[in-house]
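A.B. asks: Sending over work35.txt (compact mmCIF, C-alpha atoms).
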```txt
# COMPACT_ATOMS: atom_id res chain seq x y z
CA MET A 1 3.50 35.02 -26.23
CA HIS A 2 1.83 31.67 -25.49
CA VAL A 3 5.28 30.09 -25.13
CA TYR A 4 6.41 32.58 -22.51
CA LEU A 5 3.03 33.21 -20.89
CA PRO A 6 0.96 30.05 -21.31
CA GLU A 7 -2.75 30.16 -20.64
CA ARG A 8 -4.35 28.27 -17.82
CA GLU A 9 -6.22 25.16 -18.81
CA GLU A 10 -9.81 26.32 -18.70
CA THR A 11 -12.73 25.43 -20.85
CA TYR A 12 -14.92 28.09 -22.36
CA GLN A 13 -18.26 27.41 -23.91
CA SER A 14 -18.43 28.53 -27.50
CA HIS A 15 -21.50 29.14 -29.59
CA LYS A 16 -22.35 26.77 -32.41
CA ALA A 17 -22.32 28.46 -35.79
CA VAL A 18 -25.73 28.89 -37.40
CA GLU A 19 -26.03 27.49 -40.90
CA LEU A 20 -27.98 29.85 -43.13
CA SER A 21 -29.68 29.01 -46.41
CA ASP A 22 -28.56 30.57 -49.69
CA SER A 23 -31.85 32.41 -50.09
CA PHE A 24 -31.47 34.02 -46.66
CA ARG A 25 -27.90 35.06 -47.47
CA TRP A 26 -29.07 36.70 -50.71
CA PHE A 27 -31.92 38.42 -48.88
CA SER A 28 -29.48 39.77 -46.25
CA ALA A 29 -27.00 40.91 -48.89
CA VAL A 30 -29.63 42.81 -50.91
CA ARG A 31 -31.00 44.41 -47.75
CA ALA A 32 -27.49 45.46 -46.65
CA LEU A 33 -26.79 46.87 -50.12
CA ILE A 34 -29.93 49.00 -50.00
CA MET A 35 -28.91 50.35 -46.59
CA ALA A 36 -25.20 50.96 -47.19
CA PHE A 37 -25.02 51.96 -50.86
CA PRO A 38 -26.41 55.52 -50.50
CA VAL A 39 -23.90 56.31 -47.76
CA VAL A 40 -20.97 54.87 -49.71
CA CYS A 41 -21.99 56.94 -52.76
CA VAL A 42 -22.21 60.14 -50.72
CA PHE A 43 -18.79 59.52 -49.17
CA PHE A 44 -17.15 58.86 -52.53
CA VAL A 45 -18.89 61.69 -54.43
CA PHE A 46 -18.07 64.32 -51.81
CA GLN A 47 -14.73 62.71 -50.83
CA ILE A 48 -15.47 62.83 -47.10
CA SER A 49 -12.35 61.09 -45.84
CA GLU A 50 -12.52 62.61 -42.34
CA ALA A 51 -15.70 60.70 -41.51
CA LEU A 52 -14.63 57.39 -43.02
CA LEU A 53 -15.32 55.67 -39.69
CA SER A 54 -19.02 56.39 -40.11
CA MET A 55 -19.14 54.75 -43.54
CA ILE A 56 -17.28 51.69 -42.27
CA PHE A 57 -19.66 51.26 -39.32
CA ILE A 58 -22.70 51.62 -41.57
CA ALA A 59 -21.32 49.07 -44.04
CA LEU A 60 -20.57 46.58 -41.26
CA LEU A 61 -23.79 47.08 -39.33
CA SER A 62 -26.05 46.97 -42.39
CA LEU A 63 -25.72 43.19 -42.48
CA MET A 64 -27.37 42.65 -39.11
CA ILE A 65 -29.72 45.57 -38.64
CA THR A 66 -33.46 45.48 -38.11
CA GLY A 67 -35.66 48.26 -36.80
CA GLU A 68 -35.66 47.11 -33.19
CA LYS A 69 -32.04 46.01 -33.22
CA SER A 70 -30.88 49.32 -34.72
CA VAL A 71 -31.98 51.27 -31.66
CA LYS A 72 -30.35 48.84 -29.21
CA LEU A 73 -27.18 48.59 -31.30
CA SER A 74 -26.93 52.37 -31.59
CA VAL A 75 -27.17 52.80 -27.82
CA PHE A 76 -24.61 50.01 -27.34
CA LEU A 77 -22.16 51.65 -29.76
CA LEU A 78 -22.46 55.05 -28.16
CA ILE A 79 -22.07 53.75 -24.59
CA SER A 80 -19.19 51.36 -25.30
CA ASN A 81 -17.33 53.96 -27.37
CA ALA A 82 -17.81 56.52 -24.60
CA ILE A 83 -16.31 54.01 -22.12
CA GLY A 84 -13.42 53.41 -24.52
CA GLY A 85 -12.93 57.17 -24.88
CA VAL A 86 -12.72 57.65 -21.13
CA ILE A 87 -10.22 54.77 -20.91
CA ALA A 88 -8.19 56.37 -23.72
CA ILE A 89 -8.11 59.75 -21.96
CA ILE A 90 -6.95 58.14 -18.69
CA VAL A 91 -4.30 56.03 -20.44
CA PHE A 92 -3.11 59.00 -22.48
CA GLY A 93 -2.74 60.99 -19.25
CA PHE A 94 -0.43 58.29 -17.87
CA LEU A 95 1.50 58.13 -21.15
CA ALA A 96 1.98 61.90 -21.09
CA LEU A 97 3.61 61.60 -17.65
CA VAL A 98 6.27 59.18 -18.91
CA PRO A 99 6.83 59.77 -22.65
CA ASN A 100 8.86 56.63 -23.28
CA ILE A 101 8.21 53.92 -25.88
CA GLY A 102 8.98 51.16 -23.40
CA PHE A 103 6.48 52.51 -20.88
CA TYR A 104 3.94 53.03 -23.67
CA THR A 105 4.32 49.43 -24.87
CA LEU A 106 4.11 47.96 -21.36
CA PHE A 107 1.12 50.08 -20.36
CA ILE A 108 -0.85 49.28 -23.55
CA ALA A 109 0.00 45.58 -23.17
CA LEU A 110 -1.27 45.59 -19.57
CA LEU A 111 -4.45 47.35 -20.67
CA ALA A 112 -4.97 44.76 -23.43
CA ILE A 113 -4.31 41.87 -21.04
CA PHE A 114 -6.70 43.29 -18.43
CA LEU A 115 -9.54 43.94 -20.89
CA GLY A 116 -8.82 40.67 -22.73
CA GLN A 117 -9.19 38.74 -19.47
CA LYS A 118 -12.48 40.56 -18.81
CA MET A 119 -13.70 39.57 -22.30
CA TYR A 120 -13.14 35.89 -21.61
CA THR A 121 -14.24 35.73 -17.99
CA GLU A 122 -17.34 37.92 -18.32
CA SER A 123 -18.73 36.67 -21.60
CA ALA A 124 -22.01 38.57 -21.23
CA LYS A 125 -20.12 41.88 -21.26
CA ALA A 126 -17.47 40.80 -23.79
CA PRO A 127 -18.79 43.01 -26.64
CA ILE A 128 -18.59 46.07 -24.38
CA TYR A 129 -15.00 45.31 -23.38
CA ALA A 130 -14.00 44.54 -26.97
CA THR A 131 -15.48 47.76 -28.32
CA ALA A 132 -14.01 49.81 -25.47
CA LEU A 133 -10.54 48.33 -26.08
CA ASN A 134 -10.81 48.94 -29.81
CA THR A 135 -11.91 52.54 -29.25
CA ALA A 136 -9.14 53.19 -26.73
CA LEU A 137 -6.46 51.77 -29.04
CA VAL A 138 -7.71 53.73 -32.06
CA LEU A 139 -7.93 57.01 -30.13
CA ILE A 140 -4.54 56.60 -28.48
CA GLY A 141 -2.86 55.51 -31.71
CA THR A 142 -4.26 58.34 -33.83
CA THR A 143 -3.49 60.92 -31.16
CA LEU A 144 0.10 59.75 -30.75
CA MET A 145 0.69 59.62 -34.52
CA SER A 146 -0.64 63.12 -35.08
CA SER A 147 -0.54 66.23 -33.01
CA GLY A 148 -4.05 66.31 -31.64
CA VAL A 149 -6.07 66.47 -28.50
CA ILE A 150 -7.47 63.11 -27.42
CA ASP A 151 -10.68 64.39 -25.86
CA GLU A 152 -11.48 66.30 -29.05
CA LYS A 153 -10.98 63.13 -31.08
CA MET A 154 -13.24 61.24 -28.68
CA TRP A 155 -16.07 63.76 -29.11
CA ILE A 156 -15.66 63.70 -32.88
CA ARG A 157 -15.84 59.88 -32.85
CA LEU A 158 -18.95 59.92 -30.64
CA GLY A 159 -20.55 62.54 -32.88
CA LEU A 160 -19.90 60.45 -35.99
CA LEU A 161 -21.28 57.37 -34.26
CA ALA A 162 -24.38 59.35 -33.29
CA LEU A 163 -24.85 60.22 -36.98
CA VAL A 164 -24.40 56.53 -37.84
CA ALA A 165 -26.97 55.60 -35.20
CA VAL A 166 -29.54 58.05 -36.53
CA TYR A 167 -28.99 56.88 -40.11
CA MET A 168 -29.19 53.19 -39.20
CA VAL A 169 -32.43 53.64 -37.24
CA VAL A 170 -34.06 55.69 -39.99
CA ALA A 171 -32.84 53.38 -42.77
CA ALA A 172 -33.88 50.21 -40.93
CA PHE A 173 -37.40 51.47 -40.26
CA PHE A 174 -37.66 52.85 -43.81
CA ILE A 175 -36.71 49.52 -45.37
CA GLU A 176 -38.99 47.55 -43.05
CA THR A 177 -42.01 49.67 -44.05
CA ARG A 178 -41.46 49.11 -47.81
CA GLN A 179 -43.40 46.43 -49.62
CA TRP A 180 -40.71 45.82 -52.26
CA LYS A 181 -40.65 42.30 -53.63
CA VAL A 182 -36.88 41.99 -53.18
CA LEU A 183 -37.32 42.62 -49.45
CA GLN A 184 -39.93 39.89 -48.98
CA PHE A 185 -38.15 36.86 -47.52
CA LYS A 186 -40.16 33.67 -47.76
CA GLY A 187 -37.44 31.02 -47.50
CA GLN A 188 -36.20 29.03 -44.55
CA MET A 189 -33.51 30.61 -42.43
CA MET A 190 -31.79 27.36 -41.55
CA ALA A 191 -30.11 25.42 -44.30
CA SER A 192 -31.76 22.10 -45.00
CA LYS A 193 -29.68 19.09 -44.11
```
Mind turning the file's structure into structure tokens?
C.D. replies:
Amino acid sequence: MHVYLPEREETYQSHKAVELSDSFRWFSAVRALIMAFPVVCVFFVFQISEALLSMIFIALLSLMITGEKSVKLSVFLLISNAIGGVIAIIVFGFLALVPNIGFYTLFIALLAIFLGQKMYTESAKAPIYATALNTALVLIGTTLMSSGVIDEKMWIRLGLLALVAVYMVVAAFFIETRQWKVLQFKGQMMASK
């Protein structure tokens, strides 16, 4: 696509990667394991494949969660997924008017280009646009592949994310109140040079 539609020559500021020490990486990994392992066990023991999205979000978010961040991140996930759900419902309404694969491809490509441009030009809101686009694509794709109602799938997704949010807040505050030796980090965060 870059051959046929080249990008304009613009410079974007990127963030410098933070170098973390080995001890901090181990600390984060053990903390994430304590948060995510009970949920993974429950999902595998009871074979809850319908709510697999919840387990995936918990596993991903357990690496960067603290008590204060868990509340903010939960609100962010719920709001951005709700925006993505509304976008998916609107797009699906247009796709239902013209049920043609060519129209579907063109419309989804235009949506991706529009939200992709917003991600790069409004970097402060980029995570919201990225999550909304991801939610819209997942909801539209799963609805088109199966016979379902898109607004029902959106409410199910938001409900599962609300469960994830509650679990992450409770687990983060639970772990932060423990005095376990494995959760006591005394090393330097930055790697020594």
A.B. asks: What's around segment 106-117 of chain A at 8 Å? Count only C-alpha atoms, leave out sequence neighbours fewer than 2 positions away in its own chain, and write the answer as a list of chain:residue names.
C.D. replies: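 Listed by chain and then number, they are A:Gly102, A:Phe103, A:Tyr104, A:Met119, A:Tyr120, A:Thr121, A:Tyr129, A:Ala130, A:Leu133.
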A.B. asks: Between atom CA of Phe173 of chain A and atom CA of Leu158 of chain A, what is the distance, to one decimal in Å?
C.D. replies: 22.5 Å
A.B. asks: Compile the contact shell of Val149 of chain A as a list in words: residues with an atom at most 12 Å away, counting only C-alpha atoms, same-chain residues fewer than 6 positions apart removed.
C.D. replies: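 These residues fall inside the cut-off: Ala88, Ile89, Phe92, Gly93, Ala96, Leu139, Ile140, Gly141, Thr142, Thr143, Trp155 and Ile156 of chain A.
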A.B. asks: Would you please work out which residue, of A:Leu95, A:Ala36, A:Thr135, A:Ser23, is nearest to Ser80 of chain A when using all atoms listed in the file?
C.D. replies: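 Checking each candidate against Ser80 of chain A, we get A:Thr135 as the closest.
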A.B. asks: For Ala32 of chain A, which of A:Leu77, A:Ile128, A:Val166, A:Leu61 is the closest residue, counting only C-alpha atoms?
C.D. replies: A:Leu61
A.B. asks: If you measure from atom CA of Glu176 of chain A to atom CA of Leu20 of chain A, what distance in Å do you get, rounded to one decimal?
C.D. replies: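 Distance reported for this atom pair: 20.8 Å.
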A.B. asks: Quick one: residues within 12 Å of segment 37-49 of chain A, all atoms listed in the file counted, chain neighbours fewer than 5 positions away excluded, as JSON, numbers by chain?
C.D. replies: {"A": [29, 30, 31, 32, 54, 55, 56, 57, 58, 59, 60, 62, 163, 164, 167, 168, 171]}
A.B. asks: Figure out the distance between atom CA of Ile175 of chain A and atom CA of Gly159 of chain A, please, to one decimal in Å.
C.D. replies: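 Value for the atom CA of Gly159 of chain A-atom CA of Ile175 of chain A distance: 24.2 Å.
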A.B. asks: Rebuild N, CA, C and O atoms on segment 80-103 of chain A, as a short mmCIF file (atom, residue, chain, number, x, y, z; two decimals), in the coordinates of the input?
C.D. replies:
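Generated file (out00.cif):
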```cif
data_model
loop_
_atom_site.label_atom_id
_atom_site.label_comp_id
_atom_site.auth_asym_id
_atom_site.auth_seq_id
_atom_site.Cartn_x
_atom_site.Cartn_y
_atom_site.Cartn_z
N SER A 80 -20.49 52.05 -25.34
CA SER A 80 -19.19 51.36 -25.30
C SER A 80 -18.07 52.23 -25.87
O SER A 80 -16.94 52.18 -25.37
N ASN A 81 -18.36 53.05 -26.87
CA ASN A 81 -17.33 53.96 -27.37
C ASN A 81 -17.05 55.08 -26.39
O ASN A 81 -15.91 55.56 -26.32
N ALA A 82 -18.05 55.51 -25.65
CA ALA A 82 -17.81 56.52 -24.60
C ALA A 82 -16.92 55.94 -23.51
O ALA A 82 -15.99 56.61 -23.02
N ILE A 83 -17.17 54.67 -23.12
CA ILE A 83 -16.31 54.01 -22.12
C ILE A 83 -14.89 53.90 -22.65
O ILE A 83 -13.92 54.20 -21.94
N GLY A 84 -14.75 53.50 -23.91
CA GLY A 84 -13.42 53.41 -24.52
C GLY A 84 -12.73 54.76 -24.60
O GLY A 84 -11.52 54.87 -24.42
N GLY A 85 -13.50 55.82 -24.85
CA GLY A 85 -12.93 57.17 -24.88
C GLY A 85 -12.42 57.61 -23.52
O GLY A 85 -11.35 58.22 -23.42
N VAL A 86 -13.17 57.30 -22.49
CA VAL A 86 -12.72 57.65 -21.13
C VAL A 86 -11.46 56.87 -20.78
O VAL A 86 -10.50 57.42 -20.22
N ILE A 87 -11.43 55.58 -21.14
CA ILE A 87 -10.22 54.77 -20.91
C ILE A 87 -9.04 55.37 -21.66
O ILE A 87 -7.93 55.48 -21.13
N ALA A 88 -9.27 55.79 -22.91
CA ALA A 88 -8.19 56.37 -23.72
C ALA A 88 -7.66 57.66 -23.10
O ALA A 88 -6.45 57.89 -23.08
N ILE A 89 -8.54 58.49 -22.58
CA ILE A 89 -8.11 59.75 -21.96
C ILE A 89 -7.28 59.46 -20.71
O ILE A 89 -6.23 60.08 -20.49
N ILE A 90 -7.70 58.50 -19.90
CA ILE A 90 -6.95 58.14 -18.69
C ILE A 90 -5.58 57.57 -19.06
O ILE A 90 -4.56 57.97 -18.51
N VAL A 91 -5.56 56.65 -20.02
CA VAL A 91 -4.30 56.03 -20.44
C VAL A 91 -3.38 57.08 -21.05
O VAL A 91 -2.18 57.10 -20.78
N PHE A 92 -3.94 57.96 -21.86
CA PHE A 92 -3.11 59.00 -22.48
C PHE A 92 -2.53 59.94 -21.43
O PHE A 92 -1.41 60.43 -21.57
N GLY A 93 -3.28 60.18 -20.35
CA GLY A 93 -2.74 60.99 -19.25
C GLY A 93 -1.52 60.34 -18.61
O GLY A 93 -0.53 61.00 -18.32
N PHE A 94 -1.59 59.00 -18.41
CA PHE A 94 -0.43 58.29 -17.87
C PHE A 94 0.74 58.30 -18.87
O PHE A 94 1.89 58.44 -18.47
N LEU A 95 0.43 58.14 -20.14
CA LEU A 95 1.50 58.13 -21.15
C LEU A 95 2.15 59.49 -21.29
O LEU A 95 3.33 59.58 -21.62
N ALA A 96 1.40 60.56 -21.03
CA ALA A 96 1.98 61.90 -21.09
C ALA A 96 2.93 62.14 -19.92
O ALA A 96 3.87 62.94 -20.04
N LEU A 97 2.72 61.45 -18.79
CA LEU A 97 3.61 61.60 -17.65
C LEU A 97 4.98 61.01 -17.92
O LEU A 97 6.00 61.54 -17.49
N VAL A 98 5.01 59.86 -18.61
CA VAL A 98 6.27 59.18 -18.91
C VAL A 98 6.33 58.95 -20.42
O VAL A 98 5.95 57.89 -20.91
N PRO A 99 6.79 59.93 -21.19
CA PRO A 99 6.83 59.77 -22.65
C PRO A 99 8.00 58.89 -23.10
O PRO A 99 9.04 59.37 -23.55
N ASN A 100 7.82 57.59 -22.96
CA ASN A 100 8.86 56.63 -23.28
C ASN A 100 8.20 55.46 -24.02
O ASN A 100 7.16 54.96 -23.59
N ILE A 101 8.81 54.99 -25.09
CA ILE A 101 8.21 53.92 -25.88
C ILE A 101 8.10 52.63 -25.10
O ILE A 101 7.13 51.87 -25.26
N GLY A 102 9.05 52.36 -24.22
CA GLY A 102 8.98 51.16 -23.40
C GLY A 102 7.80 51.19 -22.44
O GLY A 102 7.07 50.21 -22.28
N PHE A 103 7.61 52.35 -21.78
CA PHE A 103 6.48 52.51 -20.88
C PHE A 103 5.16 52.43 -21.66
O PHE A 103 4.20 51.81 -21.20
#
```
